[in-house]
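Peer 1: PDB, C-alpha atoms, pLDDT in the B column, saved as query07.pdb, coming up:
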```pdb
ATOM      1  CA  MET A   1     -50.207 -74.181  -7.267  1.00 63.00           C
ATOM      2  CA  LYS A   2     -51.453 -71.382  -9.438  1.00 69.00           C
ATOM      3  CA  ALA A   3     -53.838 -68.859  -7.867  1.00 68.00           C
ATOM      4  CA  LYS A   4     -57.133 -68.315  -9.657  1.00 69.00           C
ATOM      5  CA  THR A   5     -57.750 -64.799 -10.870  1.00 64.00           C
ATOM      6  CA  PHE A   6     -61.042 -63.234 -11.836  1.00 64.00           C
ATOM      7  CA  SER A   7     -59.771 -60.999 -14.601  1.00 69.00           C
ATOM      8  CA  ALA A   8     -62.907 -61.609 -16.661  1.00 71.00           C
ATOM      9  CA  ILE A   9     -65.045 -60.035 -13.932  1.00 74.00           C
ATOM     10  CA  GLY A  10     -62.537 -57.221 -13.469  1.00 78.00           C
ATOM     11  CA  GLY A  11     -62.936 -56.286 -17.111  1.00 83.00           C
ATOM     12  CA  TRP A  12     -66.639 -55.669 -16.557  1.00 88.00           C
ATOM     13  CA  GLN A  13     -66.096 -53.490 -13.489  1.00 90.00           C
ATOM     14  CA  SER A  14     -66.120 -50.132 -15.276  1.00 91.00           C
ATOM     15  CA  PHE A  15     -69.120 -51.108 -17.395  1.00 93.00           C
ATOM     16  CA  LEU A  16     -71.102 -52.300 -14.377  1.00 93.00           C
ATOM     17  CA  PHE A  17     -70.188 -49.136 -12.491  1.00 94.00           C
ATOM     18  CA  CYS A  18     -71.495 -46.952 -15.326  1.00 96.00           C
ATOM     19  CA  VAL A  19     -74.703 -48.986 -15.580  1.00 96.00           C
ATOM     20  CA  GLY A  20     -75.175 -48.755 -11.817  1.00 97.00           C
ATOM     21  CA  MET A  21     -74.655 -44.996 -11.773  1.00 97.00           C
ATOM     22  CA  TYR A  22     -77.078 -44.637 -14.681  1.00 97.00           C
ATOM     23  CA  MET A  23     -79.742 -46.560 -12.777  1.00 97.00           C
ATOM     24  CA  VAL A  24     -79.223 -44.490  -9.625  1.00 97.00           C
ATOM     25  CA  ALA A  25     -79.407 -41.230 -11.612  1.00 97.00           C
ATOM     26  CA  LEU A  26     -82.541 -42.435 -13.389  1.00 96.00           C
ATOM     27  CA  PHE A  27     -84.137 -43.413 -10.088  1.00 94.00           C
ATOM     28  CA  PHE A  28     -83.486 -40.007  -8.480  1.00 95.00           C
ATOM     29  CA  SER A  29     -84.445 -38.068 -11.617  1.00 96.00           C
ATOM     30  CA  ILE A  30     -87.938 -39.574 -11.412  1.00 95.00           C
ATOM     31  CA  PHE A  31     -88.391 -38.018  -7.974  1.00 92.00           C
ATOM     32  CA  VAL A  32     -86.890 -34.664  -9.000  1.00 94.00           C
ATOM     33  CA  CYS A  33     -88.989 -34.387 -12.161  1.00 93.00           C
ATOM     34  CA  SER A  34     -92.185 -35.405 -10.384  1.00 93.00           C
ATOM     35  CA  ALA A  35     -91.528 -32.874  -7.609  1.00 92.00           C
ATOM     36  CA  VAL A  36     -91.022 -30.105 -10.167  1.00 93.00           C
ATOM     37  CA  PHE A  37     -94.132 -31.202 -12.075  1.00 93.00           C
ATOM     38  CA  TYR A  38     -96.338 -31.179  -8.977  1.00 93.00           C
ATOM     39  CA  ALA A  39     -94.912 -27.815  -7.893  1.00 92.00           C
ATOM     40  CA  VAL A  40     -95.687 -26.232 -11.265  1.00 93.00           C
ATOM     41  CA  ASN A  41     -98.937 -28.065 -12.025  1.00 90.00           C
ATOM     42  CA  ASN A  42    -100.929 -27.932  -8.801  1.00 82.00           C
ATOM     43  CA  GLY A  43    -103.994 -29.792 -10.063  1.00 67.00           C
ATOM     44  CA  GLY A  44    -106.004 -26.829 -11.331  1.00 59.00           C
ATOM     45  CA  THR A  45    -106.702 -25.237  -7.950  1.00 57.00           C
ATOM     46  CA  SER A  46    -105.496 -21.704  -7.712  1.00 56.00           C
ATOM     47  CA  SER A  47    -104.324 -20.078  -4.523  1.00 56.00           C
ATOM     48  CA  LYS A  48    -107.481 -17.891  -4.554  1.00 58.00           C
ATOM     49  CA  ASN A  49    -109.728 -20.963  -4.458  1.00 54.00           C
ATOM     50  CA  VAL A  50    -107.766 -22.459  -1.599  1.00 53.00           C
ATOM     51  CA  ALA A  51    -107.908 -19.199   0.363  1.00 54.00           C
ATOM     52  CA  ILE A  52    -111.663 -18.912  -0.179  1.00 58.00           C
ATOM     53  CA  GLN A  53    -112.203 -22.497   0.913  1.00 55.00           C
ATOM     54  CA  LYS A  54    -110.144 -21.938   4.053  1.00 57.00           C
ATOM     55  CA  THR A  55    -111.983 -18.784   5.026  1.00 61.00           C
ATOM     56  CA  GLY A  56    -115.320 -20.494   4.411  1.00 58.00           C
ATOM     57  CA  ALA A  57    -114.334 -23.397   6.646  1.00 57.00           C
ATOM     58  CA  GLU A  58    -113.122 -21.010   9.329  1.00 60.00           C
ATOM     59  CA  ARG A  59    -116.421 -19.142   9.210  1.00 59.00           C
ATOM     60  CA  GLU A  60    -118.300 -22.414   9.627  1.00 57.00           C
ATOM     61  CA  ALA A  61    -116.141 -23.425  12.562  1.00 56.00           C
ATOM     62  CA  MET A  62    -116.612 -20.064  14.260  1.00 56.00           C
ATOM     63  CA  ALA A  63    -120.351 -20.158  13.649  1.00 54.00           C
ATOM     64  CA  SER A  64    -120.636 -23.610  15.190  1.00 56.00           C
ATOM     65  CA  VAL A  65    -118.645 -22.526  18.244  1.00 58.00           C
ATOM     66  CA  GLY A  66    -120.791 -19.412  18.701  1.00 56.00           C
ATOM     67  CA  LYS A  67    -124.099 -21.330  18.837  1.00 52.00           C
TER      68      LYS A  67
END
```
Rewrite the structure of this file - the entire thing - as structure tokens.

Peer 2:
Amino acid sequence: MKAKTFSAIGGWQSFLFCVGMYMVALFFSIFVCSAVFYAVNNGGTSSKNVAIQKTGAEREAMASVGK
């Protein structure tokens, strides 16, 4: 009896591997690019505004404790 071989599927192995690696790289590049974008473009708030807001909130908290 002759054994069945799957040579047709074996011929696609390198192509499917390349497509799979492309999809994985594309998937991770979305996260890398979005992380870089959000690090560079922080939504229009500068570090000065954040520091002022923090000190204002701290003053309010201290004032409410002191009453």

Peer 1: So what do you get for atom CA of A:Ala39 versus atom CA of A:Val24, distance-wise?

Peer 2: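 The value is 23.0 Å.
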
Peer 1: Centre and edge lengths, as lines of an AutoDock Vina configuration file, for the axis-aligned box enclosing every listed atom of stretch 24-28 of chain A with 5 Å of padding on each of the six sides, in Å to one decimal?

Peer 2:
```
center_x = -81.7
center_y = -42.2
center_z = -10.9
size_x = 14.9
size_y = 14.5
size_z = 14.9
```

Peer 1: Rounded to one decimal in Å, what is the spacing between atom CA of A:Ala8 and atom CA of A:Met21?

Peer 2: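 One can read the atom CA of A:Ala8 to atom CA of A:Met21 distance as 20.9 Å.
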